[in-house]
>>> print(open('upload.cif').read())   # mmCIF, C-alpha atoms
data_coords
#
loop_
_atom_site.label_atom_id
_atom_site.label_comp_id
_atom_site.auth_asym_id
_atom_site.auth_seq_id
_atom_site.Cartn_x
_atom_site.Cartn_y
_atom_site.Cartn_z
CA MET M 221 -9.63 -33.46 5.53
CA ALA M 222 -8.38 -30.22 7.07
CA GLU M 223 -7.90 -27.16 4.87
CA PRO M 224 -4.22 -26.44 4.12
CA LYS M 225 -2.79 -23.65 6.23
CA ARG M 226 -2.25 -20.43 4.36
CA ILE M 227 0.00 -17.48 5.06
CA SER M 228 -1.88 -14.24 4.53
CA PRO M 229 -1.17 -12.65 1.13
CA ILE M 230 -0.67 -9.36 2.97
CA ASN M 231 2.12 -10.89 5.02
CA ASP M 232 5.13 -8.87 3.88
CA LEU M 233 7.19 -11.92 2.87
CA MET M 234 4.32 -13.42 0.89
CA PHE M 235 3.61 -10.11 -0.86
CA LYS M 236 7.23 -9.94 -2.00
CA LYS M 237 7.24 -13.61 -3.07
CA LEU M 238 4.02 -13.15 -5.02
CA MET M 239 4.83 -9.85 -6.72
CA ALA M 240 8.61 -9.95 -7.15
CA SER M 241 9.49 -13.54 -8.04
CA VAL M 242 10.78 -14.14 -11.54
CA GLU M 243 8.76 -17.35 -11.78
CA HIS M 244 5.59 -15.48 -10.78
CA LYS M 245 5.76 -12.60 -13.26
CA ASP M 246 2.36 -13.63 -14.57
CA ILE M 247 0.87 -12.76 -11.15
CA LEU M 248 2.46 -9.30 -11.15
CA SER M 249 1.49 -8.74 -14.78
CA GLY M 250 -2.08 -9.80 -13.98
CA ILE M 251 -2.60 -7.30 -11.18
CA ILE M 252 -1.09 -4.47 -13.25
CA VAL M 253 -3.54 -5.21 -16.08
CA ASP M 254 -6.56 -5.80 -13.82
CA VAL M 255 -6.14 -2.80 -11.54
CA LEU M 256 -4.27 -0.18 -13.58
CA GLY M 257 -5.41 -1.24 -17.04
CA ILE M 258 -1.85 -1.29 -18.43
CA VAL M 259 -0.33 -4.19 -20.35
CA PRO M 260 3.31 -4.49 -19.16
CA GLU M 261 5.19 -5.82 -22.19
CA ASP M 262 8.68 -7.24 -21.56
CA LEU M 263 8.15 -7.07 -17.80
CA LYS M 264 11.36 -7.21 -15.74
CA ILE M 265 11.44 -7.23 -11.95
CA VAL M 266 13.88 -4.96 -10.15
CA SER M 267 15.48 -6.62 -7.08
CA PRO M 268 13.71 -10.00 -7.42
CA TYR M 269 12.56 -11.90 -4.35
CA SER M 270 15.17 -14.06 -2.68
CA ILE M 271 14.83 -15.94 0.58
CA GLU M 272 18.60 -15.59 1.00
CA LEU M 273 18.21 -11.82 1.01
CA CYS M 274 15.39 -12.11 3.55
CA LYS M 275 17.52 -14.30 5.80
CA ALA M 276 20.39 -11.81 5.59
CA LEU M 277 18.08 -8.95 6.56
CA VAL M 278 16.66 -10.94 9.46
CA GLY M 279 20.17 -11.62 10.69
CA GLU M 280 21.41 -8.05 10.37
CA THR M 281 18.43 -5.86 11.22
CA ASP M 282 15.21 -5.76 13.18
CA ILE M 283 12.03 -7.34 11.80
CA ASN M 284 10.37 -3.98 11.09
CA LYS M 285 13.13 -2.97 8.67
CA LEU M 286 12.76 -6.31 6.92
CA ARG M 287 9.00 -5.79 6.63
CA HIS M 288 9.46 -2.35 5.10
CA THR M 289 11.98 -3.72 2.58
CA LEU M 290 9.69 -6.54 1.54
CA ARG M 291 6.68 -4.31 0.93
CA ASP M 292 8.31 -2.44 -1.93
CA ILE M 293 7.99 -3.86 -5.43
CA ALA M 294 9.65 -2.35 -8.49
CA ALA M 295 9.56 -3.43 -12.12
CA THR M 296 10.22 -2.05 -15.55
CA PHE M 297 8.54 -2.76 -18.86
CA LYS M 298 8.51 -1.53 -22.44
CA SER M 299 6.40 1.59 -21.93
CA GLY M 300 7.26 2.61 -18.38
CA ASP M 301 8.23 1.74 -14.83
CA TYR M 302 6.14 0.30 -12.04
CA VAL M 303 6.32 0.59 -8.27
CA SER M 304 4.00 -0.99 -5.76
CA GLU M 305 3.62 -0.90 -2.01
CA LEU M 306 1.55 -2.79 0.51
CA GLN M 307 0.15 -0.64 3.32
CA ILE M 308 -1.59 -2.48 6.12
CA ARG M 309 -2.27 0.38 8.52
CA LYS M 310 -2.90 4.06 8.26
CA THR M 311 0.27 6.07 8.48
CA ARG M 312 1.19 9.66 9.09
CA HIS M 313 1.93 11.63 5.92
CA PHE M 314 0.06 9.03 3.89
CA HIS M 315 -0.31 11.19 0.78
CA GLU M 316 3.28 12.40 0.88
CA ARG M 317 4.44 8.80 0.98
CA LEU M 318 2.04 7.92 -1.82
CA ALA M 319 3.66 10.47 -4.11
CA TYR M 320 7.28 10.17 -2.96
CA TYR M 321 8.20 6.71 -4.28
CA PRO M 322 6.86 7.06 -7.84
CA MET M 323 8.29 10.60 -8.09
CA LYS M 324 11.62 9.35 -6.81
CA ARG M 325 11.61 6.59 -9.39
CA TYR M 326 10.79 9.06 -12.16
CA CYS M 327 13.66 11.38 -11.22
CA GLU M 328 16.15 8.52 -10.81
CA ASN M 329 15.76 7.69 -14.51
CA TYR M 330 17.07 11.09 -15.59
CA GLY M 331 20.30 10.64 -17.53
CA ASP M 332 20.05 6.84 -17.80
CA GLU M 333 22.32 6.18 -20.79
CA SER M 334 20.50 2.98 -21.69
CA ARG M 335 17.39 5.00 -22.49
CA ILE M 336 18.97 7.80 -24.51
CA THR M 337 19.33 7.81 -28.27
CA ILE M 338 22.63 9.36 -29.28
CA LYS M 339 22.39 11.23 -32.59
CA HIS M 340 25.02 11.03 -35.34
CA ASP M 341 26.51 14.33 -34.15
CA GLY M 342 26.85 12.97 -30.61
CA GLU M 343 24.04 15.10 -29.20
CA ARG M 344 22.09 13.61 -26.31
CA ASN M 345 18.82 14.71 -24.77
CA LEU M 346 18.80 13.66 -21.13
CA TYR M 347 15.05 14.14 -20.86
CA GLU M 348 14.64 11.24 -23.26
CA SER M 349 15.55 8.92 -20.39
CA LEU M 350 12.42 9.89 -18.44
CA ARG M 351 9.54 7.45 -18.76
CA PRO M 352 6.07 7.17 -17.23
CA VAL M 353 5.87 5.69 -13.74
CA TYR M 354 2.80 3.73 -12.66
CA ALA M 355 2.29 3.13 -8.97
CA LEU M 356 -0.13 0.80 -7.21
CA ASN M 357 -0.73 0.96 -3.48
CA ILE M 358 -2.67 -1.94 -1.99
CA LEU M 359 -4.42 -0.76 1.16
CA GLU M 360 -6.05 -2.96 3.77
CA GLN M 361 -7.32 0.00 5.77
CA SER M 362 -9.77 2.54 4.34
CA HIS M 363 -8.14 5.88 3.59
CA TYR M 364 -10.81 7.74 1.62
CA ASP M 365 -14.32 8.58 2.79
CA ASP M 366 -16.37 6.71 0.18
CA ASP M 367 -17.10 3.16 -0.93
CA ASP M 368 -14.95 3.07 -4.07
CA ALA M 369 -12.24 0.42 -4.02
CA LEU M 370 -10.07 1.98 -6.73
CA ARG M 371 -8.90 5.46 -7.62
CA VAL M 372 -6.11 6.38 -10.02
CA PHE M 373 -4.57 9.85 -9.82
CA GLU M 374 -2.70 11.53 -12.66
CA LEU M 375 -1.67 14.99 -13.81
CA TYR M 376 -4.84 16.78 -14.85
CA ASP M 377 -6.34 20.27 -15.16
CA PRO M 378 -9.81 19.97 -13.57
CA VAL M 379 -10.89 23.55 -14.43
CA ARG M 380 -10.37 23.14 -18.17
CA ASN M 381 -11.01 19.38 -18.25
CA LYS M 382 -7.69 18.68 -19.94
CA GLY M 383 -5.04 16.06 -19.39
CA PHE M 384 -1.33 16.76 -19.16
CA GLY M 385 -0.78 15.64 -22.75
CA LYS M 386 1.44 12.71 -21.96
CA ASP M 387 1.55 9.94 -19.38
CA ILE M 388 4.06 10.97 -16.74
CA LEU M 389 2.70 9.68 -13.46
CA LYS M 390 -0.23 7.55 -12.39
CA ILE M 391 -0.81 6.63 -8.74
CA GLY M 392 -3.38 3.96 -7.99
CA CYS M 393 -4.93 3.18 -4.60
CA PHE M 394 -6.72 -0.14 -4.28
CA GLU M 395 -8.63 -0.36 -0.99
CA LEU M 396 -9.44 -3.98 -0.25
CA LYS M 397 -12.32 -3.42 2.16
CA LYS M 398 -14.41 -1.16 -0.09
CA VAL M 399 -17.61 -2.46 -1.68
CA ASN M 400 -17.73 -0.58 -5.00
CA ILE M 401 -15.48 -2.71 -7.20
CA GLU M 402 -15.27 -1.92 -10.89
CA THR M 403 -14.52 -5.30 -12.48
CA GLU M 404 -14.89 -8.99 -11.75
CA ASN M 405 -11.13 -9.53 -11.73
CA GLN M 406 -10.64 -6.73 -9.21
CA LYS M 407 -13.17 -8.48 -6.99
CA HIS M 408 -11.18 -11.71 -7.31
CA TRP M 409 -8.06 -9.80 -6.18
CA CYS M 410 -9.94 -8.41 -3.16
CA ASP M 411 -11.11 -11.91 -2.25
CA PHE M 412 -7.57 -13.21 -2.58
CA PHE M 413 -5.88 -10.53 -0.47
CA MET M 414 -8.58 -10.69 2.21
CA GLY M 415 -8.22 -14.48 2.52
CA ARG M 416 -11.64 -15.33 1.11
CA GLU M 417 -12.36 -18.36 -1.10
CA ILE M 418 -11.24 -17.91 -4.70
CA SER M 419 -14.02 -18.25 -7.26
CA ALA M 420 -13.77 -21.02 -9.84
CA ASN M 421 -13.96 -18.41 -12.64
CA ALA M 422 -11.03 -16.39 -11.32
CA PRO M 423 -8.07 -16.03 -13.73
CA ASP M 424 -5.39 -18.72 -13.56
CA TYR M 425 -2.78 -16.29 -12.21
CA ILE M 426 -4.96 -15.49 -9.18
CA LYS M 427 -5.53 -19.21 -8.58
CA LYS M 428 -1.77 -19.66 -8.85
CA ALA M 429 -1.25 -16.89 -6.29
CA SER M 430 -3.60 -18.74 -3.95
CA GLU M 431 -1.42 -21.84 -4.25
CA VAL M 432 1.75 -19.85 -3.57
CA VAL M 433 0.47 -18.77 -0.14
CA ASN M 434 -0.28 -22.37 0.82
CA PHE M 435 1.94 -23.01 3.85
CA ALA M 436 2.82 -26.46 2.56
CA ASN M 437 4.28 -24.97 -0.61
CA LEU M 438 6.78 -22.80 1.27
CA GLY M 439 10.33 -23.79 2.09
CA GLU M 440 11.24 -24.19 5.74
CA GLU M 441 13.18 -20.92 5.81
CA GLU M 442 10.28 -19.08 4.20
CA ARG M 443 7.90 -20.49 6.79
CA GLN M 444 10.14 -19.30 9.61
CA VAL M 445 10.50 -15.77 8.23
CA ALA M 446 6.78 -15.50 7.33
CA GLU M 447 5.71 -16.66 10.80
CA ALA M 448 8.20 -14.30 12.46
CA ILE M 449 6.66 -11.41 10.52
CA GLU M 450 3.12 -12.49 11.41
CA LYS M 451 4.09 -12.68 15.07
CA ALA M 452 5.73 -9.24 14.91
CA SER M 453 2.60 -7.84 13.20
CA ALA M 454 0.33 -9.28 15.89
CA THR M 455 2.55 -7.84 18.63
CA LEU M 456 2.55 -4.45 16.93
CA GLN M 457 -1.25 -4.52 16.61
CA ASP M 458 -1.60 -5.36 20.32
CA GLU M 459 0.66 -2.42 21.16
CA LEU M 460 -1.33 -0.10 18.92
CA ASP M 461 -4.64 -1.27 20.42
CA TYR M 462 -3.27 -0.78 23.93
CA SER M 463 -1.99 2.69 23.08
CA TYR M 464 -5.34 3.62 21.50
CA TYR M 465 -7.50 2.52 24.43
CA ALA M 466 -5.03 3.86 26.99
CA GLY M 467 -5.12 7.15 25.12
CA MET M 468 -8.92 7.11 25.10
CA GLU M 469 -9.04 6.53 28.85
CA LYS M 470 -6.46 9.24 29.44
CA GLY M 471 -8.38 11.59 27.18
CA GLU M 472 -11.65 10.93 29.03
CA GLU M 473 -9.90 11.53 32.35
CA LYS M 474 -8.44 14.81 31.10
CA GLY M 475 -11.82 15.79 29.66
CA ILE M 476 -13.57 15.22 32.98
CA LEU M 477 -10.92 17.20 34.86
CA LYS M 478 -11.07 20.06 32.37
CA GLY M 479 -14.88 20.09 32.49
CA ALA M 480 -14.85 20.28 36.29
CA SER M 481 -12.28 23.07 36.16
CA ASP M 482 -14.39 25.03 33.66
CA VAL M 483 -17.49 24.72 35.84
CA LEU M 484 -15.57 25.99 38.91
CA ASN M 485 -14.22 28.97 36.98
CA LEU M 486 -17.70 29.86 35.73
CA LEU M 487 -19.14 29.59 39.25
CA LYS M 488 -16.39 31.87 40.57
CA SER M 489 -17.28 34.41 37.90
CA GLY M 490 -20.83 34.63 39.31
CA LYS M 491 -22.62 32.73 36.54
CA SER M 492 -25.87 30.96 37.41
CA LEU M 493 -26.29 27.20 36.93
CA GLU M 494 -28.59 27.90 33.97
CA GLU M 495 -25.95 30.13 32.35
CA ILE M 496 -23.19 27.56 32.97
CA ALA M 497 -25.29 24.78 31.45
CA LYS M 498 -26.02 26.89 28.38
CA ASN M 499 -22.36 27.88 28.07
CA MET M 500 -21.26 24.21 28.15
CA GLY M 501 -24.05 22.92 25.89
CA ILE M 502 -25.77 20.91 28.65
CA ALA M 503 -29.54 20.58 28.74
CA ILE M 504 -31.16 20.99 32.18
CA PRO M 505 -34.35 18.89 32.57
#
>>> encode(input="upload.cif", output="structure tokens")
Amino acid sequence: MAEPKRISPINDLMFKKLMASVEHKDILSGIIVDVLGIVPEDLKIVSPYSIELCKALVGETDINKLRHTLRDIAATFKSGDYVSELQIRKTRHFHERLAYYPMKRYCENYGDESRITIKHDGERNLYESLRPVYALNILEQSHYDDDDALRVFELYDPVRNKGFGKDILKIGCFELKKVNIETENQKHWCDFFMGREISANAPDYIKKASEVVNFANLGEEERQVAEAIEKASATLQDELDYSYYAGMEKGEEKGILKGASDVLNLLKSGKSLEEIAKNMGIAIP
């Protein structure tokens, strides 16, 4: 019997369905606990997944805007806020982007009346509305030059070995292709996102996630949108590969022309072949 077809968990539609569906809050809660070590009590999803919203975006905008919209996950819980993003490829200004969304979320909370305690004299402290923001970025490509799958950045004084004194901001990067994985559950998540077989001892919420990406369990409209995104991703990758190799060929051509020009200029200046070779770092046998 043939294996059921699966849509990749890093397909933008599937990522949104997995991490922002009200009925799948246990999956989102599980990855927050397993990767960031935070228990999100009273978890509420901001802008829950809706295939109707996806269809509207497909009808009104290009597929790339839809993909960008689907990658962003936001939630709130008792002790803080959570934002998550899926990044498939390396991007320019990677670190700026990494910091921007959680910082933006933190600042947006300023003055939120629902989070401010009004004293008997009517006094309000607007800073009371600010809460910690925890961010998780799931990265298919390697961004850091080591083998560690997970790093979590926070405000810290490295010279005096002191923390900020209060949780304000934590930014996690979970690189799926790295080999140094801290816990068994984190390994199960890597296996899941990379499309590998899920171990029998994986938590139930990861097994559930594996069932969600089963093509047969998707509605017809979800299948159409998911496949459209996969097709767009494949086309984009082909274009990137073409641009890369075309650029390499162009660069080699320019390098050869520049090298020839440099040699001619050195010859005109009266340099010997031995001097030219030394100047250009070429060994003469």
>>> resolve_selection(input="upload.cif", expression="the PyMOL selection byres ((chain M and resi 294) around 6)", output="list in words")
Val266, Ile293, Ala295, Tyr302 and Val303 of chain M
>>> closest_atom_pairs(input="upload.cif", of="segment 225-268 of chain M", to="segment 422-426 of chain M", cutoff="7 Å", atoms="all atoms listed in the file", output="tab-separated table")
residue	atom	partner	partner_atom	distance
M:Asp246	CA	M:Tyr425	CA	6.3
M:Ile247	CA	M:Tyr425	CA	5.2
M:Gly250	CA	M:Tyr425	CA	6.8
>>> residues_near_point(input="upload.cif", point="(10.4, 6.0, -18.8)", cutoff="12 Å", atoms="all atoms listed in the file", output="ChimeraX atom specification")
/M:295-302,322-323,325-332,334-336,346-354,386-389
>>> residues_around(input="upload.cif", residues="His363 of chain M", least_positions_apart="2", cutoff="9 Å", atoms="all atoms listed in the file", output="list in words")
Lys310, Phe314, Leu359, Gln361, Asp365, Asp366 and Glu395 of chain M
>>> resolve_selection(input="upload.cif", expression="the PyMOL selection byres ((chain M and resi 243) around 12)", output="PyMOL selection string")
chain M and resi 237-242+244-249+263-265+268-270+425+428-429+432
>>> closest_residue(input="upload.cif", among="M:Ala420, M:Ala319, M:Ile251, M:Ile230", to="Ile391 of chain M", atoms="only C-alpha atoms")
M:Ala319
>>> atom_distance(input="upload.cif", atom1="atom CA of Ser419 of chain M", atom2="atom CA of Tyr364 of chain M")
27.7 Å
>>> closest_residue(input="upload.cif", among="M:Lys324, M:His313, M:Lys382, M:Arg371", to="Leu256 of chain M", atoms="all atoms listed in the file")
M:Arg371
>>> atom_distance(input="upload.cif", atom1="atom CA of Ile358 of chain M", atom2="atom CA of Leu396 of chain M")
7.3 Å
>>> atom_distance(input="upload.cif", atom1="atom CA of His408 of chain M", atom2="atom CA of Asp232 of chain M")
20.0 Å
>>> closest_residue(input="upload.cif", among="M:Glu442, M:Asn400, M:Asn357, M:Pro378", to="Glu272 of chain M", atoms="all atoms listed in the file")
M:Glu442
>>> closest_residue(input="upload.cif", among="M:Ile271, M:Val372, M:Val259, M:Val433", to="Phe235 of chain M", atoms="all atoms listed in the file")
M:Val433
>>> resolve_selection(input="upload.cif", expression="the PyMOL selection byres ((chain M and resi 228) around 8)", output="ChimeraX atom specification")
/M:226-227,229-231,234,413-415,433
>>> closest_residue(input="upload.cif", among="M:Lys398, M:Lys236, M:His340, M:His315", to="Asp411 of chain M", atoms="all atoms listed in the file")
M:Lys398
>>> axis_aligned_box(input="upload.cif", around="segment 327-333 of chain M", padding_each_side="6 Å", output="AutoDock Vina command-line options")
--center_x 18.0 --center_y 8.8 --center_z -15.8 --size_x 20.7 --size_y 17.2 --size_z 22.0
>>> decode(input="upload.cif", residues="segment 356-373 of chain M", atoms="N, CA and C atoms", output="CSV table (one decimal), in the first residue's frame")
chain,number,residue,atom,x,y,z
M,356,LEU,N,10.2,32.8,18.2
M,356,LEU,CA,10.8,31.5,17.7
M,356,LEU,C,10.9,31.6,16.2
M,357,ASN,N,12.1,31.5,15.6
M,357,ASN,CA,12.3,31.5,14.2
M,357,ASN,C,12.8,30.1,13.8
M,358,ILE,N,12.0,29.5,12.9
M,358,ILE,CA,12.3,28.1,12.5
M,358,ILE,C,13.0,28.2,11.1
M,359,LEU,N,14.3,27.8,11.1
M,359,LEU,CA,15.1,28.1,9.9
M,359,LEU,C,15.5,26.8,9.2
M,360,GLU,N,15.2,26.7,8.0
M,360,GLU,CA,15.6,25.5,7.2
M,360,GLU,C,17.1,25.6,6.8
M,361,GLN,N,17.5,26.8,6.4
M,361,GLN,CA,18.9,27.0,6.0
M,361,GLN,C,19.7,27.3,7.3
M,362,SER,N,21.0,27.0,7.2
M,362,SER,CA,21.9,27.3,8.3
M,362,SER,C,22.4,28.8,8.2
M,363,HIS,N,22.3,29.5,9.4
M,363,HIS,CA,22.6,30.9,9.4
M,363,HIS,C,23.8,31.2,10.3
M,364,TYR,N,24.1,30.2,11.2
M,364,TYR,CA,25.3,30.5,12.1
M,364,TYR,C,26.3,29.4,11.9
M,365,ASP,N,27.6,29.8,12.1
M,365,ASP,CA,28.7,28.9,11.7
M,365,ASP,C,29.1,28.0,12.8
M,366,ASP,N,28.2,27.1,13.2
M,366,ASP,CA,28.5,26.0,14.1
M,366,ASP,C,27.4,24.9,13.9
M,367,ASP,N,27.5,23.9,14.8
M,367,ASP,CA,26.6,22.8,14.6
M,367,ASP,C,25.4,22.8,15.6
M,368,ASP,N,25.2,23.9,16.4
M,368,ASP,CA,24.1,23.9,17.3
M,368,ASP,C,22.8,24.3,16.7
M,369,ALA,N,21.8,23.4,17.0
M,369,ALA,CA,20.5,23.6,16.3
M,369,ALA,C,19.7,24.8,17.0
M,370,LEU,N,19.9,25.1,18.2
M,370,LEU,CA,19.2,26.1,19.0
M,370,LEU,C,20.0,27.1,19.6
M,371,ARG,N,19.6,28.4,19.5
M,371,ARG,CA,20.2,29.4,20.3
M,371,ARG,C,19.1,30.4,20.7
M,372,VAL,N,19.1,30.9,21.9
M,372,VAL,CA,18.1,31.8,22.4
M,372,VAL,C,18.8,33.1,22.9
M,373,PHE,N,18.5,34.2,22.3
M,373,PHE,CA,19.1,35.5,22.7
M,373,PHE,C,18.2,36.2,23.6
